[in-house]
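Worksheet: the structure to be examined is printed underneath.
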Amino acid sequence: MALDVLDLVGIFVFGITGALVGVRKKLDVFGIQVLALVTGLGGGFLRDVLIGGRATPPAALADWRYLAVPVAAGLITFFLHPGIGRVERLVTVFDAAGLALFCVTGARKALDFGLSPLSAALLGTISAIGGGVIRDVLSGRVPVVLRSEIYATPAFLGAGIVVVADAAGYKATWVAFAGAIVCFLIRLIAIRRGWNAPLPRMR
Amino acid sequence: MALDVLDLVGIFVFGITGALVGVRKKLDVFGIQVLALVTGLGGGFLRDVLIGGRATPPAALADWRYLAVPVAAGLITFFLHPGIGRVERLVTVFDAAGLALFCVTGARKALDFGLSPLSAALLGTISAIGGGVIRDVLSGRVPVVLRSEIYATPAFLGAGIVVVADAAGYKATWVAFAGAIVCFLIRLIAIRRGWNAPLPRMR
Amino acid sequence: MALDVLDLVGIFVFGITGALVGVRKKLDVFGIQVLALVTGLGGGFLRDVLIGGRATPPAALADWRYLAVPVAAGLITFFLHPGIGRVERLVTVFDAAGLALFCVTGARKALDFGLSPLSAALLGTISAIGGGVIRDVLSGRVPVVLRSEIYATPAFLGAGIVVVADAAGYKATWVAFAGAIVCFLIRLIAIRRGWNAPLPRMR
């Protein structure tokens with residue numbers, strides 16, 4: 001089903017971000033694979049464990065493709081990574097793509113498991129930001145979701161589009177595409193324009 | 001039910017500690033909201049996922065109040081936070097309140113799901129310390145539970161009071177209040193007196 | 001059953017590594033206990049939550065031995081820890097033992113819960129590396145699994161031996177011992193020889 005493909009593409013791009021961070025941190029090929037795996041699969045594990053019941057054990061543990069994809073992402077990045085100077089920019093773009101894909105697939109899966117619209121939107125957001133948080137915490141970076149940029153909000157918007165459309169009876173795959181594109185574009189524009197949200201007043 | 005209220009108050013005060021740490025770290029309004037959300041809801045997610053079965057998906061994902069409360073805590077803190085100098089003290093006090101409320105509600109919920117007394121006391125402790133650990137790890141602080149203060153112990157005591165009273169047939173809400181007050185006072189006195197536990201001998 | 005014993009021994013040695021890291025970080029006796037508990041029990045919690053269903057709540061929450069063992073490990077380490085100079089080496093060796101024991105018990109438990117061979121091998125690996133990752137993240141160290149050494153791979157091998165032998169009809173305890181010994185030896189030799197995996201080319 002098309003959403004499985006979106007899910008695997010999301011795992012692939014998140015895996016690339018994990019591997020690139022590993023390259024940046026000068027980890028060896030195994031450390032890079034581990035970061036590719038936890039970044040690619042972490043958000044989905046979080047999502048499935050929170051849904052619980054029939055959603056566990058996570059599909060990613062049973063289906064070999066869910067393992068092969070981040071491993072491939074890790075190996076490709078290990079051999080073809082660019083100069084360190086350009087790593088950070090690539091991390092940001094691929095991370096935005098993974099965010100966009102996971103927020104819609106996460107929301108869709110939550111709806112398929114009968115969760116309420118609000119729960120589904122939240123689970124989509126959690127699965128979208130989860131992998132990046134795990135990647136950044138393990139590699140000692142400030143989690144991107146906490147940094148001065150629009151991150152969780154576009155994911156919540158993308159998931160919200162899927163949830164609202166579903167409530168309105170639109171369950172087709174193009175809805176997921178629409179949600180993903182909205183999330184991706186807002187995230188990229190925010191990065192490009194350097195949109196910053198207001199900071200607390202300091203006395 | 002009264003315990004729901006205690007739970008929401010706990011989420012609120014933990015949300016405030018997360019937001020204050022965000023202010024301290026000079027995060028923007030979104031980063032502050034994220035910290036308020038994970039700190040307020042993290043311990044309960046951990047508790048529900050560990051109980052598993054009917055406890056998942058966590059109520060916090062389905063009930064809009066569980067989302068509104070930490071968001072409100074985050075916004076209030078963002079606009080009304082004190083001078084940075086006083087932030088750390090407020091974090092400590094609100095954190096003690098959240099610890100006290102979560103250890104009893106966590107133990108109560110575990111008992112309601114038929115867990116053994118020991119399991120319930122442990123789950124109460126885990127859900128009490130969970131939010132703070134997530135907050136501190138995400139914001140790059142040494143988790144308070146590891147710092148040189150009495151922290152997990154009063155939570156375990158408060159949860160223990162609920163569990164023992166339950167075994168003795170007392171399930172009323174005032175038992176939860178008693179457990180929470182005991183945990184809160186011990187924690188505050190420990191901070192005030194600067195009680196430190198013995199350190200390992202260094203050779 | 002013999003695997004329970006292996007599990008408890010694994011919890012004990014992981015608890016020692018957590019306590020030693022606490023000593024190294026000059027934590028007090030409570031902080032050391034907390035690190036001993038999360039390091040000893042963390043991997044198993046992760047394993048049981050991912051298996052889900054009847055595997056939750058984790059046995060470690062219901063069986064007092066699972067609590068007594070890491071507490072004992074923490075206290076013993078607190079009173080008998082060596083000079084700081086030798087702590088790191090001990091952490092490495094005990095960590096290798098815990099890794100070896102958890103990868104086989106994790107794989108075995110996953111098989112007993114009817115998971116597929118691949119899932120079982122992965123769950124064995126996750127439960128083997130989980131405790132150490134939690135220990136290192138909480139205490140602000142670079143997770144050992146990301147450092148320049150063979151770590152996750154021997155765990156996956158050890159778990160793989162249990163899974164393949166099981167598929168071939170060999171379910172006896174000596175299979176688990178064999179898998180654990182293989183993982184332990186490869187890990188120790190890798191440390192001793194200072195085996196490093198290839199690093200990414202830097203341009």
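Letters A, B, ... go to the chains of the structure tokens in the order shown; residues in each chain start at 1; ligands are counted from 1 in the same order.
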With only C-alpha atoms as the counted atoms, please give the residues lying no more than 8 Å from Ile129 of chain A, apart from itself and same-chain residues fewer than 5 positions off, as a list in words. Gly43, Leu99, Val145, Ala152 and Ala155 of chain A
Grab the residues selected above and save them as a PDB file, in the first residue's frame with N, CA, C and O atoms.
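The resulting part24.pdb:
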ATOM      1  N   GLY A  43      11.155   6.820  15.642  1.00  0.00           N
ATOM      2  CA  GLY A  43       9.846   7.460  15.673  1.00  0.00           C
ATOM      3  C   GLY A  43       8.718   6.446  15.535  1.00  0.00           C
ATOM      4  O   GLY A  43       7.706   6.530  16.233  1.00  0.00           O
ATOM      5  N   LEU A  99      10.341  14.298   8.510  1.00  0.00           N
ATOM      6  CA  LEU A  99       9.304  14.896   9.357  1.00  0.00           C
ATOM      7  C   LEU A  99       7.972  14.897   8.613  1.00  0.00           C
ATOM      8  O   LEU A  99       6.929  14.474   9.145  1.00  0.00           O
ATOM      9  N   VAL A 145      14.078  19.809  17.698  1.00  0.00           N
ATOM     10  CA  VAL A 145      12.731  20.253  18.030  1.00  0.00           C
ATOM     11  C   VAL A 145      12.761  21.365  19.081  1.00  0.00           C
ATOM     12  O   VAL A 145      11.812  22.133  19.210  1.00  0.00           O
ATOM     13  N   ALA A 152       7.973  21.283  15.287  1.00  0.00           N
ATOM     14  CA  ALA A 152       6.848  20.423  15.685  1.00  0.00           C
ATOM     15  C   ALA A 152       5.537  20.929  15.063  1.00  0.00           C
ATOM     16  O   ALA A 152       4.649  20.140  14.741  1.00  0.00           O
ATOM     17  N   ALA A 155       4.699  19.668  11.565  1.00  0.00           N
ATOM     18  CA  ALA A 155       4.366  18.241  11.664  1.00  0.00           C
ATOM     19  C   ALA A 155       2.932  18.078  12.164  1.00  0.00           C
ATOM     20  O   ALA A 155       2.163  17.264  11.649  1.00  0.00           O
TER      21      ALA A 155
END
- What are the residues of chain B that have an atom within 9 Å of an atom of chain C, counting only C-alpha atoms, as a PyMOL selection string? chain B and resi 49-53+115-120+122-123+133+136-137+140-143+145-153+196-203
Note to self: Taking 6 positions as the minimum chain separation for residues in the same chain, which residues sit within 9 Å of Leu41 of chain C when counting only C-alpha atoms? Answer as a list of chain:residue names.
What the structure shows: C:Ile11, C:Phe14, C:Gly15, C:Ala60, C:Tyr66, C:Leu67, C:Pro70, C:Gly131
Need the shell around Ala176 of chain C: protein/DNA/RNA residues with any atom at most 12 Å away, counting only C-alpha atoms. Skip same-chain ones fewer than 6 positions apart. Format as a ChimeraX atom specification? /C:2-7,100-109,124,157-166,170,182-183
Export of the given selection (N, CA, C and O atoms) as a compact mmCIF listing (two decimals), in the first residue's frame:
# COMPACT_ATOMS: atom_id res chain seq x y z
N ALA C 2 16.78 -21.78 34.01
CA ALA C 2 18.17 -21.32 33.87
C ALA C 2 18.25 -19.93 33.22
O ALA C 2 19.09 -19.12 33.59
N LEU C 3 17.32 -19.63 32.28
CA LEU C 3 17.41 -18.34 31.60
C LEU C 3 17.09 -17.19 32.55
O LEU C 3 17.65 -16.11 32.45
N ASP C 4 16.18 -17.46 33.52
CA ASP C 4 15.93 -16.44 34.54
C ASP C 4 17.22 -16.09 35.26
O ASP C 4 17.51 -14.92 35.51
N VAL C 5 18.00 -17.12 35.57
CA VAL C 5 19.26 -16.89 36.29
C VAL C 5 20.19 -16.03 35.41
O VAL C 5 20.74 -15.04 35.86
N LEU C 6 20.31 -16.42 34.12
CA LEU C 6 21.15 -15.62 33.20
C LEU C 6 20.67 -14.17 33.19
O LEU C 6 21.46 -13.23 33.22
N ASP C 7 19.33 -14.00 33.17
CA ASP C 7 18.75 -12.66 33.13
C ASP C 7 19.17 -11.88 34.38
O ASP C 7 19.64 -10.74 34.30
N ALA C 100 26.42 -9.73 26.65
CA ALA C 100 26.37 -11.13 26.21
C ALA C 100 25.16 -11.85 26.79
O ALA C 100 24.50 -12.63 26.09
N LEU C 101 24.87 -11.58 28.07
CA LEU C 101 23.75 -12.28 28.72
C LEU C 101 22.41 -11.78 28.19
O LEU C 101 21.49 -12.57 27.93
N PHE C 102 22.27 -10.46 28.03
CA PHE C 102 20.98 -9.89 27.61
C PHE C 102 20.65 -10.22 26.16
O PHE C 102 19.48 -10.41 25.82
N CYS C 103 21.66 -10.32 25.29
CA CYS C 103 21.32 -10.57 23.88
C CYS C 103 20.69 -11.96 23.73
O CYS C 103 19.75 -12.13 22.94
N VAL C 104 21.15 -12.92 24.53
CA VAL C 104 20.57 -14.27 24.39
C VAL C 104 19.24 -14.39 25.14
O VAL C 104 18.28 -14.95 24.62
N THR C 105 19.16 -13.81 26.35
CA THR C 105 17.88 -13.92 27.08
C THR C 105 16.80 -13.11 26.36
O THR C 105 15.64 -13.52 26.32
N GLY C 106 17.19 -11.96 25.77
CA GLY C 106 16.22 -11.16 25.04
C GLY C 106 15.70 -11.91 23.82
O GLY C 106 14.49 -11.93 23.57
N ALA C 107 16.61 -12.53 23.07
CA ALA C 107 16.19 -13.28 21.88
C ALA C 107 15.30 -14.45 22.29
O ALA C 107 14.27 -14.71 21.67
N ARG C 108 15.70 -15.14 23.38
CA ARG C 108 14.93 -16.29 23.86
C ARG C 108 13.51 -15.88 24.24
O ARG C 108 12.54 -16.52 23.84
N LYS C 109 13.40 -14.77 24.99
CA LYS C 109 12.07 -14.32 25.43
C LYS C 109 11.21 -13.96 24.23
O LYS C 109 10.03 -14.31 24.16
N GLY C 124 16.70 -9.08 20.91
CA GLY C 124 17.83 -9.48 21.75
C GLY C 124 18.91 -8.39 21.73
O GLY C 124 19.44 -8.01 22.78
N LEU C 157 25.12 -11.07 16.87
CA LEU C 157 25.62 -12.42 16.61
C LEU C 157 25.12 -13.39 17.68
O LEU C 157 24.59 -14.46 17.38
N GLY C 158 25.31 -13.01 18.94
CA GLY C 158 24.88 -13.87 20.04
C GLY C 158 23.40 -14.18 19.97
O GLY C 158 22.98 -15.34 20.11
N ALA C 159 22.61 -13.13 19.71
CA ALA C 159 21.17 -13.33 19.58
C ALA C 159 20.88 -14.21 18.37
O ALA C 159 20.01 -15.09 18.42
N GLY C 160 21.63 -13.98 17.29
CA GLY C 160 21.42 -14.77 16.07
C GLY C 160 21.66 -16.25 16.29
O GLY C 160 20.93 -17.09 15.76
N ILE C 161 22.67 -16.59 17.11
CA ILE C 161 22.96 -18.00 17.40
C ILE C 161 21.75 -18.65 18.06
O ILE C 161 21.31 -19.74 17.67
N VAL C 162 21.14 -17.95 19.04
CA VAL C 162 19.97 -18.49 19.73
C VAL C 162 18.82 -18.69 18.74
O VAL C 162 18.15 -19.72 18.73
N VAL C 163 18.63 -17.70 17.87
CA VAL C 163 17.52 -17.74 16.92
C VAL C 163 17.69 -18.86 15.91
O VAL C 163 16.77 -19.65 15.67
N VAL C 164 18.89 -18.97 15.34
CA VAL C 164 19.15 -19.99 14.31
C VAL C 164 19.06 -21.39 14.93
O VAL C 164 18.41 -22.29 14.39
N ALA C 165 19.66 -21.53 16.13
CA ALA C 165 19.60 -22.84 16.80
C ALA C 165 18.16 -23.22 17.09
O ALA C 165 17.75 -24.37 16.91
N ASP C 166 17.36 -22.22 17.50
CA ASP C 166 15.95 -22.49 17.80
C ASP C 166 15.23 -22.96 16.53
O ASP C 166 14.46 -23.93 16.57
N TYR C 170 17.05 -26.67 18.29
CA TYR C 170 17.84 -26.69 19.53
C TYR C 170 17.41 -25.55 20.44
O TYR C 170 17.67 -24.40 20.18
N VAL C 182 30.10 -16.50 22.82
CA VAL C 182 30.58 -15.94 21.53
C VAL C 182 30.56 -14.42 21.58
O VAL C 182 31.54 -13.74 21.28
N CYS C 183 29.41 -13.85 22.02
CA CYS C 183 29.29 -12.39 22.09
C CYS C 183 30.34 -11.80 23.03
O CYS C 183 31.04 -10.86 22.67
So the first atom is atom CA of Val91 of chain C and the second is atom CA of Phe12 of chain C; what is the distance between them in Å, to one decimal place?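 So the answer is 12.5 Å.
The two atoms in question, atom CA of Ile16 of chain A and atom CA of Gly40 of chain A, are spaced 8.1 Å apart.
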| Atom-to-atom span, atom CA of Leu8 of chain A and atom CA of Arg187 of chain A, Å |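 Those two atoms sit 20.5 Å apart.
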